[in-house]
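Chemist: Contents of input.tsv (TSV, C-alpha atoms (C1' of nucleotides)) are below:
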```
chain	number	residue	atom	x	y	z
A	365	MET	CA	82.51	87.02	222.25
A	366	ALA	CA	80.20	88.77	224.59
A	367	ARG	CA	76.67	89.82	223.90
A	368	ALA	CA	76.17	92.54	221.31
A	369	SER	CA	76.01	96.10	222.56
A	370	THR	CA	72.69	97.40	223.81
A	371	THR	CA	73.16	100.22	221.34
A	372	SER	CA	73.65	97.94	218.37
A	373	ASP	CA	69.97	98.01	217.44
A	374	ALA	CA	66.43	98.47	218.73
A	375	PHE	CA	66.14	94.77	219.59
A	376	ASN	CA	69.01	94.93	222.03
A	377	ALA	CA	67.91	98.28	223.43
A	378	VAL	CA	64.39	97.16	224.32
A	379	ALA	CA	65.58	93.93	225.90
A	380	GLU	CA	65.93	95.87	229.15
A	381	PRO	CA	62.55	96.12	230.97
A	382	ARG	CA	63.23	99.58	232.35
A	383	ARG	CA	63.93	100.93	228.92
A	384	ARG	CA	60.61	99.56	227.73
A	385	GLU	CA	58.92	101.34	230.62
A	386	ILE	CA	60.63	104.57	229.68
A	387	LEU	CA	59.53	104.22	226.08
A	388	THR	CA	55.95	103.66	227.15
A	389	TYR	CA	56.07	106.62	229.48
A	390	LEU	CA	57.51	108.91	226.82
A	391	ALA	CA	55.22	107.77	224.03
A	392	ALA	CA	52.34	110.15	224.70
A	393	ALA	CA	54.29	113.30	225.54
A	394	GLU	CA	57.78	114.67	225.98
A	395	ARG	CA	59.05	114.87	229.55
A	396	PRO	CA	62.09	116.18	231.39
A	397	VAL	CA	64.40	113.62	232.98
A	398	GLY	CA	63.26	114.54	236.49
A	399	GLU	CA	59.71	113.49	235.76
A	400	ILE	CA	60.83	110.14	234.42
A	401	VAL	CA	62.83	109.60	237.58
A	402	ALA	CA	59.84	110.46	239.75
A	403	ALA	CA	57.32	108.51	237.69
A	404	LEU	CA	59.30	105.28	237.39
A	405	GLY	CA	61.06	105.44	240.73
A	406	LEU	CA	64.57	104.94	239.38
A	407	GLU	CA	67.86	106.64	240.21
A	408	GLN	CA	68.57	109.69	238.11
A	409	PRO	CA	71.93	108.45	236.77
A	410	SER	CA	70.27	105.21	235.82
A	411	VAL	CA	67.59	106.99	233.84
A	412	SER	CA	70.18	109.16	232.11
A	413	LYS	CA	72.11	106.07	231.06
A	414	HIS	CA	69.02	104.32	229.75
A	415	LEU	CA	68.07	107.46	227.83
A	416	ARG	CA	71.55	107.51	226.37
A	417	VAL	CA	71.12	104.01	225.03
A	418	LEU	CA	67.66	104.76	223.68
A	419	ARG	CA	68.92	107.90	222.02
A	420	ASP	CA	71.85	106.12	220.40
A	421	VAL	CA	69.50	103.76	218.60
A	422	GLY	CA	67.00	106.50	217.77
A	423	LEU	CA	64.25	105.25	220.04
A	424	VAL	CA	63.93	108.64	221.73
A	425	ARG	CA	64.46	112.23	220.64
A	426	MET	CA	65.70	115.02	222.87
A	427	ARG	CA	65.52	118.79	222.86
A	428	CYS	CA	66.83	121.30	225.33
A	429	GLN	CA	64.65	123.78	227.16
A	430	GLY	CA	66.54	125.94	229.59
A	431	ARG	CA	68.35	123.66	231.92
A	432	GLN	CA	66.14	120.71	231.36
A	433	LYS	CA	66.14	118.24	228.51
A	434	LEU	CA	62.87	117.01	227.14
A	435	TYR	CA	62.71	113.46	225.87
A	436	ARG	CA	60.04	111.76	223.83
A	437	THR	CA	59.67	108.39	222.23
A	438	ASN	CA	60.32	108.12	218.52
A	439	ALA	CA	57.68	105.50	217.72
A	440	GLU	CA	58.98	105.11	214.17
A	441	ALA	CA	62.03	103.34	215.53
A	442	ILE	CA	59.83	100.66	217.08
A	443	ARG	CA	58.21	99.75	213.77
A	444	PRO	CA	60.96	97.37	212.60
A	445	LEU	CA	60.41	95.37	215.75
A	446	HIS	CA	56.66	95.29	215.20
A	447	GLU	CA	57.12	94.25	211.61
A	448	TRP	CA	59.61	91.53	212.36
A	449	ALA	CA	57.29	90.02	214.95
A	450	GLY	CA	54.40	90.49	212.52
A	451	THR	CA	55.98	88.13	210.01
A	452	PHE	CA	55.06	85.30	212.39
A	453	GLU	CA	51.43	86.28	212.63
A	454	ARG	CA	50.27	83.78	210.01
A	455	TYR	CA	52.00	81.02	211.92
A	456	TRP	CA	50.40	81.66	215.25
A	457	GLN	CA	47.07	81.89	213.49
A	458	HIS	CA	47.73	78.49	211.95
A	459	GLN	CA	48.60	77.09	215.33
A	460	LEU	CA	45.39	78.41	216.83
A	461	ASN	CA	43.42	76.91	213.98
A	462	ARG	CA	45.04	73.55	214.47
A	463	VAL	CA	44.16	73.53	218.14
A	464	LYS	CA	40.63	74.59	217.35
A	465	GLN	CA	40.19	72.02	214.62
A	466	ARG	CA	41.48	69.22	216.78
A	467	ALA	CA	39.05	70.18	219.49
A	468	GLU	CA	36.18	70.20	217.04
A	469	ALA	CA	37.25	66.87	215.60
A	470	MET	CA	37.24	65.34	219.04
A	471	VAL	CA	33.72	66.57	219.66
A	472	ARG	CA	32.47	65.19	216.34
A	473	GLN	CA	34.08	61.82	216.92
A	474	GLY	CA	32.80	61.53	220.44
A	475	SER	CA	36.34	61.05	221.66
A	476	PRO	CA	37.11	61.12	225.35
A	477	ASP	CA	35.69	64.41	226.55
A	478	LEU	CA	37.89	66.02	229.13
A	479	SER	CA	34.99	68.13	230.30
A	480	PHE	CA	33.42	65.04	231.83
A	481	PRO	CA	36.26	62.98	233.24
A	482	ASP	CA	33.73	60.83	235.12
A	483	ARG	CA	32.06	59.59	232.03
A	484	LYS	CA	32.83	55.94	231.22
A	485	ILE	CA	34.68	55.44	227.99
A	486	LYS	CA	32.87	52.90	225.88
A	487	GLU	CA	35.44	50.32	224.87
A	488	LYS	CA	35.54	48.93	221.40
B	776	MET	CA	74.40	94.26	237.95
B	777	ALA	CA	74.95	92.72	234.60
B	778	ARG	CA	72.44	92.47	231.82
B	779	ALA	CA	69.47	90.20	232.39
B	780	SER	CA	69.76	86.63	231.24
B	781	THR	CA	68.98	85.87	227.61
B	782	THR	CA	66.56	83.29	228.95
B	783	SER	CA	64.70	85.75	231.15
B	784	ASP	CA	62.12	86.51	228.47
B	785	ALA	CA	61.42	86.62	224.74
B	786	PHE	CA	62.72	90.17	224.47
B	787	ASN	CA	66.16	89.18	225.66
B	788	ALA	CA	66.18	85.99	223.64
B	789	VAL	CA	65.45	87.66	220.30
B	790	ALA	CA	68.02	90.40	220.89
B	791	GLU	CA	70.57	88.09	219.30
B	792	PRO	CA	70.44	88.29	215.47
B	793	ARG	CA	71.29	84.63	214.95
B	794	ARG	CA	68.43	83.59	217.16
B	795	ARG	CA	66.07	85.69	215.07
B	796	GLU	CA	67.38	83.96	211.95
B	797	ILE	CA	66.79	80.58	213.52
B	798	LEU	CA	63.24	81.54	214.45
B	799	THR	CA	62.54	82.67	210.92
B	800	TYR	CA	64.01	79.50	209.50
B	801	LEU	CA	62.00	77.29	211.82
B	802	ALA	CA	58.73	79.15	211.41
B	803	ALA	CA	57.46	77.32	208.36
B	804	ALA	CA	58.50	73.79	209.23
B	805	GLU	CA	60.30	71.72	211.82
B	806	ARG	CA	63.91	70.87	211.06
B	807	PRO	CA	66.70	68.81	212.56
B	808	VAL	CA	69.69	70.67	214.01
B	809	GLY	CA	71.92	69.62	211.16
B	810	GLU	CA	69.79	71.44	208.63
B	811	ILE	CA	69.85	74.61	210.65
B	812	VAL	CA	73.62	74.41	210.81
B	813	ALA	CA	73.83	73.90	207.04
B	814	ALA	CA	71.25	76.54	206.17
B	815	LEU	CA	72.57	79.32	208.38
B	816	GLY	CA	76.26	78.46	208.17
B	817	LEU	CA	76.89	78.40	211.91
B	818	GLU	CA	78.86	76.01	214.07
B	819	GLN	CA	76.84	73.12	215.41
B	820	PRO	CA	77.56	73.80	219.10
B	821	SER	CA	76.58	77.40	218.55
B	822	VAL	CA	73.23	76.40	217.08
B	823	SER	CA	72.60	73.96	219.91
B	824	LYS	CA	73.25	76.71	222.43
B	825	HIS	CA	70.96	79.17	220.68
B	826	LEU	CA	68.25	76.52	220.50
B	827	ARG	CA	68.68	75.93	224.20
B	828	VAL	CA	68.00	79.59	224.92
B	829	LEU	CA	65.03	79.69	222.56
B	830	ARG	CA	63.63	76.55	224.13
B	831	ASP	CA	64.00	77.90	227.65
B	832	VAL	CA	61.77	80.85	226.83
B	833	GLY	CA	59.34	78.77	224.81
B	834	LEU	CA	60.18	80.28	221.45
B	835	VAL	CA	60.82	76.86	219.93
B	836	ARG	CA	59.45	73.36	220.52
B	837	MET	CA	61.40	70.15	220.11
B	838	ARG	CA	60.58	66.53	219.54
B	839	CYS	CA	62.83	63.55	219.09
B	840	GLN	CA	62.86	61.37	216.03
B	841	GLY	CA	65.42	58.63	216.18
B	842	ARG	CA	68.74	60.24	216.81
B	843	GLN	CA	67.75	63.60	215.52
B	844	LYS	CA	65.81	66.30	217.26
B	845	LEU	CA	63.31	68.31	215.31
B	846	TYR	CA	62.81	71.94	216.24
B	847	ARG	CA	60.11	74.34	215.18
B	848	THR	CA	59.23	77.89	216.06
B	849	ASN	CA	56.43	78.41	218.53
B	850	ALA	CA	54.98	81.57	217.00
B	851	GLU	CA	52.65	82.10	219.95
B	852	ALA	CA	55.64	83.09	222.07
B	853	ILE	CA	56.41	85.95	219.70
B	854	ARG	CA	52.99	87.53	220.10
B	855	PRO	CA	53.76	89.43	223.31
B	856	LEU	CA	56.58	91.15	221.46
B	857	HIS	CA	54.31	92.01	218.56
B	858	GLU	CA	51.67	93.34	220.88
B	859	TRP	CA	54.05	95.44	222.93
B	860	ALA	CA	55.43	97.06	219.80
B	861	GLY	CA	51.88	97.45	218.53
B	862	THR	CA	50.93	99.72	221.39
B	863	PHE	CA	53.08	102.38	219.72
B	864	GLU	CA	51.34	102.12	216.38
B	865	ARG	CA	49.04	105.07	216.99
B	866	TYR	CA	52.05	107.21	217.81
B	867	TRP	CA	54.00	106.53	214.70
B	868	GLN	CA	50.85	107.18	212.69
B	869	HIS	CA	50.52	110.53	214.41
B	870	GLN	CA	54.10	111.34	213.63
B	871	LEU	CA	53.62	110.53	209.98
B	872	ASN	CA	50.53	112.73	209.87
B	873	ARG	CA	52.40	115.61	211.44
B	874	VAL	CA	55.16	115.41	208.89
B	875	LYS	CA	52.63	115.21	206.10
B	876	GLN	CA	50.59	118.12	207.39
B	877	ARG	CA	53.61	120.33	207.80
B	878	ALA	CA	54.66	119.59	204.27
B	879	GLU	CA	51.23	120.48	202.97
B	880	ALA	CA	51.14	123.66	205.05
B	881	MET	CA	54.42	124.76	203.57
B	882	VAL	CA	53.11	124.28	200.06
B	883	ARG	CA	49.94	126.23	200.81
B	884	GLN	CA	51.84	129.11	202.37
B	885	GLY	CA	54.38	129.29	199.61
B	886	SER	CA	57.17	128.99	202.15
B	887	PRO	CA	60.74	128.60	200.95
B	888	ASP	CA	60.68	125.61	198.67
B	889	LEU	CA	63.65	123.39	199.18
B	890	SER	CA	63.09	121.84	195.77
B	891	PHE	CA	64.38	125.06	194.20
B	892	PRO	CA	67.28	126.15	196.37
B	893	ASP	CA	68.34	128.64	193.68
B	894	ARG	CA	65.19	130.67	193.90
B	895	LYS	CA	65.64	134.02	195.57
B	896	ILE	CA	63.75	134.44	198.79
B	897	LYS	CA	61.83	137.70	198.62
B	898	GLU	CA	62.78	139.67	201.71
B	899	LYS	CA	60.21	141.54	203.74
C	318	DT	C1'	80.11	135.93	241.52
C	319	DT	C1'	78.12	132.30	244.10
C	320	DG	C1'	74.85	128.69	244.67
C	321	DA	C1'	71.43	125.70	243.41
C	322	DC	C1'	69.30	122.96	239.96
C	323	DG	C1'	68.93	119.46	236.17
C	324	DC	C1'	71.40	116.11	233.92
C	325	DA	C1'	75.39	113.55	232.07
C	326	DT	C1'	79.46	110.95	232.82
C	327	DG	C1'	83.19	108.38	235.06
C	328	DC	C1'	84.55	104.62	238.07
C	329	DC	C1'	84.01	100.08	240.08
C	330	DT	C1'	82.00	95.42	240.59
C	331	DA	C1'	79.38	91.35	239.84
C	332	DT	C1'	77.34	88.90	236.28
C	333	DA	C1'	76.12	87.04	231.81
C	334	DT	C1'	77.11	86.03	227.70
C	335	DA	C1'	78.83	84.22	222.47
C	336	DG	C1'	82.11	81.82	220.15
C	337	DG	C1'	85.71	78.25	219.62
C	338	DA	C1'	87.59	73.81	220.90
C	339	DA	C1'	87.05	69.56	223.05
C	340	DT	C1'	84.29	66.21	225.07
C	341	DG	C1'	80.02	63.65	226.51
C	342	DT	C1'	75.96	60.88	225.11
C	343	DA	C1'	72.13	58.47	223.07
C	344	DA	C1'	70.70	56.10	218.89
C	345	DT	C1'	71.79	53.62	214.58
C	346	DG	C1'	74.41	50.87	211.25
C	347	DT	C1'	77.49	46.74	210.55
D	1203	DA	C1'	80.47	44.92	220.36
D	1204	DC	C1'	82.24	48.87	217.71
D	1205	DA	C1'	82.33	52.70	214.73
D	1206	DT	C1'	79.44	56.44	213.28
D	1207	DT	C1'	76.01	59.84	213.41
D	1208	DA	C1'	73.47	63.75	215.52
D	1209	DC	C1'	73.39	66.72	219.16
D	1210	DA	C1'	74.29	68.63	223.83
D	1211	DT	C1'	77.33	70.26	227.23
D	1212	DT	C1'	81.62	71.91	229.39
D	1213	DC	C1'	85.58	74.87	229.67
D	1214	DC	C1'	87.81	79.13	228.65
D	1215	DT	C1'	88.14	84.00	227.31
D	1216	DA	C1'	87.06	88.59	225.91
D	1217	DT	C1'	83.52	91.79	226.27
D	1218	DA	C1'	79.49	94.38	227.69
D	1219	DT	C1'	76.61	95.61	230.72
D	1220	DA	C1'	73.38	97.66	235.02
D	1221	DG	C1'	73.46	99.67	239.27
D	1222	DG	C1'	75.42	102.45	243.06
D	1223	DC	C1'	78.16	106.42	244.12
D	1224	DA	C1'	80.72	110.48	243.25
D	1225	DT	C1'	81.65	114.04	240.25
D	1226	DG	C1'	81.51	117.22	236.15
D	1227	DC	C1'	78.99	120.74	233.58
D	1228	DG	C1'	75.85	124.15	231.65
D	1229	DT	C1'	71.87	127.21	233.07
D	1230	DC	C1'	69.37	130.20	235.96
D	1231	DA	C1'	68.41	132.94	240.30
D	1232	DA	C1'	70.02	136.08	243.94
```
Could you render the structure from this file as structure tokens?
Modeler:
Amino acid sequence: MARASTTSDAFNAVAEPRRREILTYLAAAERPVGEIVAALGLEQPSVSKHLRVLRDVGLVRMRCQGRQKLYRTNAEAIRPLHEWAGTFERYWQHQLNRVKQRAEAMVRQGSPDLSFPDRKIKEK
Amino acid sequence: MARASTTSDAFNAVAEPRRREILTYLAAAERPVGEIVAALGLEQPSVSKHLRVLRDVGLVRMRCQGRQKLYRTNAEAIRPLHEWAGTFERYWQHQLNRVKQRAEAMVRQGSPDLSFPDRKIKEK
DNA sequence: TTGACGCATGCCTATATAGGAATGTAATGT
DNA sequence: ACATTACATTCCTATATAGGCATGCGTCAA
């Protein structure tokens, strides 16, 4: 099989760096396609295609205004991603604690101090 | 061009559902490949390949123990993802507030109440 | 009606999988 | 030394892009 479609879920959709840029750009306010093109320096068809993907997975909303289409980020659709990543928060905190504790233990024990590589190590 | 490599960054690596499952499974404790295969019900070569991708982007660490290799999730590598998604938190909170406020405004104004679709709307 | 404008879509190509099957390899048991 | 165990890698195929270019389409102005 090939990779899953970019429109299969938010995870696949945001894997593309340009789409993440678009989401960031459209988070604060809705914008017409032309402004996205100008702001991010991409080709118009390319932007339209990225917006299509983002729209298919609900990451952006669109409304028509005359002949332009205004897009804006639907932040709600990014929450699942944030929450999935958040389930690992306790683990990276543990890892940080372990590093910290080992460092403190080394100081208490007077183990080889990497801050002073010149210092002679007293041998047992 | 084709899509970026799955090993280009954490975003691309976690786009694959099975890789997310593996990360979740390996978050709490290190495990040999065989256990991952048994726990997730995947083919062994498939797991090895996913682990290879995860290892290339630093999402898992590995150490050898006899003839088995123990893998564990490196939660630190998931933080960038969590933080990127977190930058949208204020926006989804705003959106929720807007929905809430509109609902309250409708109640205050006595606007057409969708809870009672039978009720006659008094015409002007 | 005729253009111009603002986007969306279609077409084509090079590239990158993900899965299945088979094989390679290092370490361990006998 | 030899079989076995535990993984990793290779080969093959079908599929899905992402980007560049050309074109289609609805809306608005003259």
Chemist: Considering all atoms listed in the file, give me a table of residues in chain C that are at most 12 Å from chain B, with the closest atom pair and distance in Å for each, as a Markdown table.
Modeler:
```
| residue | atom | partner | partner_atom | distance |
| --- | --- | --- | --- | --- |
| C:DC329 | C1' | B:Met776 | CA | 11.4 |
| C:DT330 | C1' | B:Met776 | CA | 8.1 |
| C:DA331 | C1' | B:Met776 | CA | 6.1 |
| C:DT332 | C1' | B:Ala777 | CA | 4.8 |
| C:DA333 | C1' | B:Ser780 | CA | 6.4 |
| C:DT334 | C1' | B:Thr781 | CA | 8.1 |
| C:DA335 | C1' | B:Ser821 | CA | 8.2 |
| C:DG336 | C1' | B:Ser821 | CA | 7.3 |
| C:DG337 | C1' | B:Glu818 | CA | 9.1 |
| C:DA338 | C1' | B:Pro820 | CA | 10.2 |
| C:DA339 | C1' | B:Pro820 | CA | 11.1 |
| C:DT340 | C1' | B:Pro820 | CA | 11.8 |
| C:DT342 | C1' | B:Arg842 | CA | 11.0 |
| C:DA343 | C1' | B:Arg842 | CA | 7.3 |
| C:DA344 | C1' | B:Arg842 | CA | 5.0 |
| C:DT345 | C1' | B:Arg842 | CA | 7.6 |
```
Chemist: Sorted by chain and rising residue number, list the residues of chain A at most 10 Å from chain B (counting only C-alpha atoms), each with its closest atom pair and distance in Å to one decimal, as CSV.
Modeler:
```
residue,atom,partner,partner_atom,distance
A:Arg367,CA,B:Glu791,CA,7.8
A:Ala368,CA,B:Glu791,CA,7.4
A:Ser369,CA,B:Ala790,CA,10.0
A:Thr370,CA,B:Ala790,CA,8.9
A:Ser372,CA,B:Ala790,CA,9.7
A:Asp373,CA,B:Ala790,CA,8.6
A:Ala374,CA,B:Ala790,CA,8.5
A:Phe375,CA,B:Ala790,CA,4.9
A:Asn376,CA,B:Ala790,CA,4.8
A:Ala377,CA,B:Ala790,CA,8.3
A:Val378,CA,B:Phe786,CA,7.2
A:Ala379,CA,B:Asn787,CA,4.8
A:Glu380,CA,B:Ala779,CA,7.4
A:Pro381,CA,B:Phe786,CA,8.8
A:Arg384,CA,B:Trp859,CA,9.1
A:Leu387,CA,B:Phe863,CA,9.2
A:Thr388,CA,B:Phe863,CA,8.1
A:Ala391,CA,B:Tyr866,CA,7.0
A:Ala392,CA,B:Tyr866,CA,7.5
A:Thr437,CA,B:Tyr866,CA,8.9
A:Asn438,CA,B:Trp867,CA,7.6
A:Ala439,CA,B:Trp867,CA,4.9
A:Glu440,CA,B:Trp867,CA,5.2
A:Ala441,CA,B:Trp867,CA,8.7
A:Ile442,CA,B:Ala860,CA,6.3
A:Arg443,CA,B:Ala860,CA,7.2
A:Pro444,CA,B:Ala860,CA,9.1
A:Leu445,CA,B:Ala860,CA,6.6
A:His446,CA,B:Ala860,CA,5.1
A:Glu447,CA,B:His857,CA,7.8
A:Trp448,CA,B:His857,CA,8.2
A:Ala449,CA,B:His857,CA,5.1
A:Gly450,CA,B:His857,CA,6.2
A:Thr451,CA,B:Thr799,CA,8.6
A:Phe452,CA,B:Ala850,CA,5.9
A:Glu453,CA,B:Ala850,CA,7.3
A:Arg454,CA,B:Ala850,CA,8.7
A:Tyr455,CA,B:Ala850,CA,5.9
A:Trp456,CA,B:Ala850,CA,4.9
A:Gln457,CA,B:Glu851,CA,8.5
A:His458,CA,B:Ala850,CA,9.4
A:Gln459,CA,B:Glu851,CA,7.9
A:Leu460,CA,B:Glu851,CA,8.7
```
Chemist: Residues of chain D within 6 Å of chain B, using all atoms listed in the file, as number ranges by chain?
Modeler: D: 1208, 1219-1221
Chemist: Selected residues, C-alpha atoms (C1' of nucleotides), written as a PDB file, keeping the file's coordinate frame, please.
Modeler:
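again.pdb written:
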```pdb
ATOM      1  C1'  DA D1208      73.470  63.750 215.520  1.00  0.00           C
ATOM      2  C1'  DT D1219      76.610  95.610 230.720  1.00  0.00           C
ATOM      3  C1'  DA D1220      73.380  97.660 235.020  1.00  0.00           C
ATOM      4  C1'  DG D1221      73.460  99.670 239.270  1.00  0.00           C
TER       5       DG D1221
END
```
Chemist: In Å, with one decimal, what is the gap from atom CA of B:Val832 to atom CA of B:Tyr846?
Modeler: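 Interatomic distance, atom CA of B:Val832 to atom CA of B:Tyr846: 13.9 Å.
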Chemist: In Å to one decimal, how far is atom CA of A:Tyr389 from atom CA of A:Leu418?
Modeler: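 The value is 13.1 Å.
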Chemist: Distance atom CA of A:Asn461-atom CA of B:Met837, one decimal place?
Modeler: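 Computing the Euclidean distance for atom CA of A:Asn461 and atom CA of B:Met837 yields 20.2 Å.
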